[in-house]
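Since the structure comes first, as structure tokens, the remarks are kept for the end.
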Amino acid sequence: MRSRDGNKTFSLSIPISILFLSLALNAGEYLISYRYLIKDSILYNETLNISQAMKKCSGKVYNPLILEVNKEKNLKEIISQNREQFIYYLHKLGLNLVHKDKTVNYIQNSITILTLHTKCFKVDFNDNFVKISPLK
Amino acid sequence: MRYLLVLLTLLSVTVVNVTAQNVESAGIETMDVGEVSPAPASTQETMNEDLLEENKSLIVSVIGQGVAPLKSATPAQAYALAKRAAVADAYRLIAEKVKGVRVDGQDLIKNMMVKRSTVRTSVIAMVRNANIVETTFKEGLCEVEMEIKLSHSQFQ
């Protein structure tokens, strides 16, 4: 439908769509997994794996994390700079827990494993911040 | 015929009264069926535990403990590692409280003596949206107070 002041709505939509397209071009999909093991209350083998997705992920984004960065485009670098914040965010997303405890003649040994199974995250890179959102 | 019936009724009433008197004299206590004896203190404590009700959220709070490894490079690293271990312990405690624990026990007895006593416990769960309330680190031991808000809708 033509607006009252000529084709203004249509002409405005072009730069807006270009802006959104440029944002989308800066977006990437990454596969992230995280795991650590606690044996007798001591931490072992904390592993965080990050890799770019080879195939397009499906699903909707939810619960995004925004990290402030300074024109950095490497996700691994960004996460290592904001490590504690990112790990806390992964905990909030939900980790699978497996705990086994064995007591033999009143001597106890325990193992707890916390895992984030490989999950696809959509990452939008911007000048001042990066938006990391999991896909469900 | 009517008189006979009245006589029979009167006789039955007297028989019942006599039996009741005999029971009392024999020292047997009788109790109404409607009465319920009070539960022992430990059972009452269990019964008073919070239950998750509809339209009402429940907060579960735990304190997890973790220890720094002996070979930590710096005190900061020791703190970070101990905190991670404490968080995992708190997660485990939440899972145990909410989902429950599987317990398996085995005792080996030979010549009337316990040779080996084994208790295995395990928990498998998925925990999300737990919040760290407070963290303390003292003499290599890190304690993390953690709580999780549960609602009825999460379990449907």
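We label chains A, B, ... in the order they appear in the structure tokens, count residues from 1 in each chain, and number ligands from 1 in the order shown.
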Query raised in the report: Taking only C-alpha atoms into account, what are the residues of chain B at most 9 Å from chain A, put as a ChimeraX atom specification?
Result: /B:65-69,81-82,84-86,88-89,91-92,95,115-131
Could you write out the selected residues, including N, CA and C atoms, as an mmCIF file, in the first residue's frame?
```cif
data_model
loop_
_atom_site.group_PDB
_atom_site.id
_atom_site.type_symbol
_atom_site.label_atom_id
_atom_site.label_comp_id
_atom_site.auth_asym_id
_atom_site.auth_seq_id
_atom_site.Cartn_x
_atom_site.Cartn_y
_atom_site.Cartn_z
ATOM 1 N N GLN B 65 30.800 -28.155 49.058
ATOM 2 C CA GLN B 65 32.176 -27.946 49.510
ATOM 3 C C GLN B 65 33.163 -28.478 48.488
ATOM 4 N N GLY B 66 34.236 -27.757 48.317
ATOM 5 C CA GLY B 66 35.291 -28.182 47.399
ATOM 6 C C GLY B 66 36.657 -27.843 47.959
ATOM 7 N N VAL B 67 37.646 -28.630 47.552
ATOM 8 C CA VAL B 67 39.001 -28.443 48.078
ATOM 9 C C VAL B 67 39.943 -28.084 46.931
ATOM 10 N N ALA B 68 40.875 -27.212 47.211
ATOM 11 C CA ALA B 68 41.873 -26.839 46.198
ATOM 12 C C ALA B 68 42.913 -27.950 46.083
ATOM 13 N N PRO B 69 43.391 -28.257 44.871
ATOM 14 C CA PRO B 69 44.438 -29.281 44.743
ATOM 15 C C PRO B 69 45.734 -28.828 45.412
ATOM 16 N N LEU B 81 39.731 -23.312 41.332
ATOM 17 C CA LEU B 81 39.511 -24.759 41.226
ATOM 18 C C LEU B 81 38.631 -25.281 42.365
ATOM 19 N N ALA B 82 38.890 -24.766 43.562
ATOM 20 C CA ALA B 82 38.092 -25.188 44.720
ATOM 21 C C ALA B 82 36.642 -24.750 44.561
ATOM 22 N N ARG B 84 35.031 -24.345 41.731
ATOM 23 C CA ARG B 84 34.389 -25.206 40.728
ATOM 24 C C ARG B 84 33.970 -26.552 41.359
ATOM 25 N N ALA B 85 34.851 -27.079 42.191
ATOM 26 C CA ALA B 85 34.538 -28.344 42.868
ATOM 27 C C ALA B 85 33.353 -28.164 43.822
ATOM 28 N N ALA B 86 33.312 -27.015 44.494
ATOM 29 C CA ALA B 86 32.211 -26.741 45.423
ATOM 30 C C ALA B 86 30.888 -26.577 44.677
ATOM 31 N N ALA B 88 30.111 -28.033 41.835
ATOM 32 C CA ALA B 88 29.703 -29.386 41.423
ATOM 33 C C ALA B 88 29.075 -30.136 42.593
ATOM 34 N N ASP B 89 29.643 -29.957 43.783
ATOM 35 C CA ASP B 89 29.109 -30.618 44.978
ATOM 36 C C ASP B 89 27.710 -30.086 45.296
ATOM 37 N N TYR B 91 25.634 -28.840 43.121
ATOM 38 C CA TYR B 91 24.748 -29.397 42.089
ATOM 39 C C TYR B 91 24.319 -30.811 42.473
ATOM 40 N N ARG B 92 25.286 -31.574 42.947
ATOM 41 C CA ARG B 92 25.001 -32.957 43.338
ATOM 42 C C ARG B 92 23.997 -32.989 44.487
ATOM 43 N N ALA B 95 20.566 -32.224 43.211
ATOM 44 C CA ALA B 95 20.028 -33.399 42.496
ATOM 45 C C ALA B 95 19.562 -34.464 43.481
ATOM 46 N N LYS B 115 33.623 -59.045 56.705
ATOM 47 C CA LYS B 115 34.920 -58.934 56.042
ATOM 48 C C LYS B 115 34.999 -57.655 55.213
ATOM 49 N N ARG B 116 33.893 -57.362 54.547
ATOM 50 C CA ARG B 116 33.901 -56.216 53.646
ATOM 51 C C ARG B 116 32.506 -55.611 53.587
ATOM 52 N N SER B 117 32.446 -54.325 53.840
ATOM 53 C CA SER B 117 31.153 -53.633 53.788
ATOM 54 C C SER B 117 31.230 -52.567 52.692
ATOM 55 N N THR B 118 30.331 -52.657 51.733
ATOM 56 C CA THR B 118 30.360 -51.717 50.607
ATOM 57 C C THR B 118 29.014 -51.027 50.461
ATOM 58 N N VAL B 119 29.069 -49.713 50.317
ATOM 59 C CA VAL B 119 27.856 -48.943 50.030
ATOM 60 C C VAL B 119 28.132 -48.107 48.787
ATOM 61 N N ARG B 120 27.277 -48.244 47.799
ATOM 62 C CA ARG B 120 27.424 -47.435 46.580
ATOM 63 C C ARG B 120 26.197 -46.551 46.447
ATOM 64 N N THR B 121 26.435 -45.275 46.196
ATOM 65 C CA THR B 121 25.294 -44.386 45.917
ATOM 66 C C THR B 121 25.518 -43.726 44.573
ATOM 67 N N SER B 122 24.443 -43.413 43.886
ATOM 68 C CA SER B 122 24.588 -42.740 42.595
ATOM 69 C C SER B 122 23.398 -41.828 42.332
ATOM 70 N N VAL B 123 23.679 -40.776 41.598
ATOM 71 C CA VAL B 123 22.642 -39.815 41.184
ATOM 72 C C VAL B 123 22.890 -39.474 39.723
ATOM 73 N N ILE B 124 21.848 -39.454 38.939
ATOM 74 C CA ILE B 124 21.948 -38.976 37.557
ATOM 75 C C ILE B 124 20.834 -37.950 37.372
ATOM 76 N N ALA B 125 21.203 -36.736 37.000
ATOM 77 C CA ALA B 125 20.190 -35.685 36.882
ATOM 78 C C ALA B 125 20.647 -34.596 35.932
ATOM 79 N N MET B 126 19.752 -33.689 35.660
ATOM 80 C CA MET B 126 20.070 -32.506 34.851
ATOM 81 C C MET B 126 19.626 -31.308 35.679
ATOM 82 N N VAL B 127 20.560 -30.424 35.979
ATOM 83 C CA VAL B 127 20.244 -29.270 36.837
ATOM 84 C C VAL B 127 20.419 -27.995 36.031
ATOM 85 N N ARG B 128 19.404 -27.172 36.040
ATOM 86 C CA ARG B 128 19.528 -25.869 35.374
ATOM 87 C C ARG B 128 18.903 -24.775 36.235
ATOM 88 N N ASN B 129 19.393 -23.552 36.004
ATOM 89 C CA ASN B 129 18.882 -22.354 36.697
ATOM 90 C C ASN B 129 19.127 -22.336 38.207
ATOM 91 N N ALA B 130 20.225 -22.916 38.624
ATOM 92 C CA ALA B 130 20.586 -22.824 40.039
ATOM 93 C C ALA B 130 21.415 -21.555 40.253
ATOM 94 N N ASN B 131 21.211 -20.904 41.360
ATOM 95 C CA ASN B 131 21.913 -19.637 41.621
ATOM 96 C C ASN B 131 22.894 -19.768 42.775
#
```
Report task. Check the DSSP output for the backbone and give back, as JSON, numbers by chain, the residues of chain A in strand (DSSP E or B). Result -> {"A": [3, 6, 27, 28, 29, 30, 31, 32, 33, 34, 35, 36, 37, 38, 39, 42, 43, 44, 45, 46, 47, 48, 49, 50, 51, 52, 61, 65, 66, 67, 68, 95, 96, 97, 98, 99, 100, 101, 102, 103, 104, 107, 108, 109, 110, 111, 112, 113, 114, 115, 116, 117, 118, 119, 120, 121, 122, 123, 124, 125, 129, 130, 131, 132, 133, 134, 135]}
Since we have the selection now, will you write its residues out, keeping C-alpha atoms, as a PDB file, in the first residue's frame?
```
ATOM      1  CA  SER A   3       1.787   5.821   2.037  1.00  0.00           C
ATOM      2  CA  GLY A   6       4.888   9.076  -1.396  1.00  0.00           C
ATOM      3  CA  ALA A  27      26.619 -14.118  12.634  1.00  0.00           C
ATOM      4  CA  GLY A  28      28.053 -17.580  12.934  1.00  0.00           C
ATOM      5  CA  GLU A  29      27.102 -20.899  14.403  1.00  0.00           C
ATOM      6  CA  TYR A  30      29.375 -22.698  16.826  1.00  0.00           C
ATOM      7  CA  LEU A  31      29.309 -26.041  18.546  1.00  0.00           C
ATOM      8  CA  ILE A  32      30.242 -25.860  22.211  1.00  0.00           C
ATOM      9  CA  SER A  33      30.676 -28.636  24.740  1.00  0.00           C
ATOM     10  CA  TYR A  34      31.885 -28.486  28.319  1.00  0.00           C
ATOM     11  CA  ARG A  35      32.824 -31.140  30.834  1.00  0.00           C
ATOM     12  CA  TYR A  36      34.615 -31.454  34.142  1.00  0.00           C
ATOM     13  CA  LEU A  37      35.203 -34.097  36.729  1.00  0.00           C
ATOM     14  CA  ILE A  38      35.430 -33.866  40.488  1.00  0.00           C
ATOM     15  CA  LYS A  39      37.160 -36.711  42.259  1.00  0.00           C
ATOM     16  CA  ILE A  42      39.133 -32.007  43.759  1.00  0.00           C
ATOM     17  CA  LEU A  43      38.658 -30.758  40.210  1.00  0.00           C
ATOM     18  CA  TYR A  44      40.155 -32.652  37.276  1.00  0.00           C
ATOM     19  CA  ASN A  45      39.953 -32.483  33.476  1.00  0.00           C
ATOM     20  CA  GLU A  46      37.973 -29.328  32.863  1.00  0.00           C
ATOM     21  CA  THR A  47      37.418 -29.148  29.101  1.00  0.00           C
ATOM     22  CA  LEU A  48      35.663 -26.549  26.975  1.00  0.00           C
ATOM     23  CA  ASN A  49      35.447 -27.367  23.266  1.00  0.00           C
ATOM     24  CA  ILE A  50      34.508 -24.701  20.736  1.00  0.00           C
ATOM     25  CA  SER A  51      34.323 -25.297  17.006  1.00  0.00           C
ATOM     26  CA  GLN A  52      32.585 -23.689  14.080  1.00  0.00           C
ATOM     27  CA  VAL A  61      17.465 -18.919  19.907  1.00  0.00           C
ATOM     28  CA  LEU A  65      24.472 -13.958  26.707  1.00  0.00           C
ATOM     29  CA  ILE A  66      25.949 -10.590  25.768  1.00  0.00           C
ATOM     30  CA  LEU A  67      29.678 -10.120  26.266  1.00  0.00           C
ATOM     31  CA  GLU A  68      31.414  -6.793  25.834  1.00  0.00           C
ATOM     32  CA  LEU A  95      24.496 -29.378  32.967  1.00  0.00           C
ATOM     33  CA  ASN A  96      24.046 -33.123  33.115  1.00  0.00           C
ATOM     34  CA  LEU A  97      25.215 -34.545  36.397  1.00  0.00           C
ATOM     35  CA  VAL A  98      26.435 -38.061  37.100  1.00  0.00           C
ATOM     36  CA  HIS A  99      27.601 -38.793  40.623  1.00  0.00           C
ATOM     37  CA  LYS A 100      28.958 -42.073  41.933  1.00  0.00           C
ATOM     38  CA  ASP A 101      30.016 -42.691  45.473  1.00  0.00           C
ATOM     39  CA  LYS A 102      31.629 -45.825  46.866  1.00  0.00           C
ATOM     40  CA  THR A 103      32.265 -46.520  50.531  1.00  0.00           C
ATOM     41  CA  VAL A 104      34.328 -49.618  51.316  1.00  0.00           C
ATOM     42  CA  ILE A 107      36.489 -45.263  53.412  1.00  0.00           C
ATOM     43  CA  GLN A 108      34.699 -43.124  50.869  1.00  0.00           C
ATOM     44  CA  ASN A 109      35.563 -42.256  47.268  1.00  0.00           C
ATOM     45  CA  SER A 110      33.396 -40.186  44.996  1.00  0.00           C
ATOM     46  CA  ILE A 111      33.301 -39.029  41.375  1.00  0.00           C
ATOM     47  CA  THR A 112      31.039 -36.305  40.029  1.00  0.00           C
ATOM     48  CA  ILE A 113      30.935 -35.507  36.312  1.00  0.00           C
ATOM     49  CA  LEU A 114      29.200 -32.408  34.984  1.00  0.00           C
ATOM     50  CA  THR A 115      28.654 -32.217  31.250  1.00  0.00           C
ATOM     51  CA  LEU A 116      27.152 -29.882  28.699  1.00  0.00           C
ATOM     52  CA  HIS A 117      26.568 -32.128  25.708  1.00  0.00           C
ATOM     53  CA  THR A 118      27.590 -30.583  22.378  1.00  0.00           C
ATOM     54  CA  LYS A 119      25.171 -27.756  21.695  1.00  0.00           C
ATOM     55  CA  CYS A 120      24.829 -25.344  18.796  1.00  0.00           C
ATOM     56  CA  PHE A 121      25.106 -21.645  19.583  1.00  0.00           C
ATOM     57  CA  LYS A 122      24.375 -18.730  17.288  1.00  0.00           C
ATOM     58  CA  VAL A 123      26.967 -15.985  17.708  1.00  0.00           C
ATOM     59  CA  ASP A 124      26.393 -12.410  16.488  1.00  0.00           C
ATOM     60  CA  PHE A 125      29.569 -10.337  16.317  1.00  0.00           C
ATOM     61  CA  PHE A 129      29.611  -6.682  21.975  1.00  0.00           C
ATOM     62  CA  VAL A 130      29.011 -10.259  20.992  1.00  0.00           C
ATOM     63  CA  LYS A 131      25.701 -12.044  21.463  1.00  0.00           C
ATOM     64  CA  ILE A 132      25.864 -15.789  22.147  1.00  0.00           C
ATOM     65  CA  SER A 133      22.565 -17.640  22.112  1.00  0.00           C
ATOM     66  CA  PRO A 134      21.918 -21.380  22.206  1.00  0.00           C
ATOM     67  CA  LEU A 135      19.552 -22.970  19.705  1.00  0.00           C
TER      68      LEU A 135
END
```
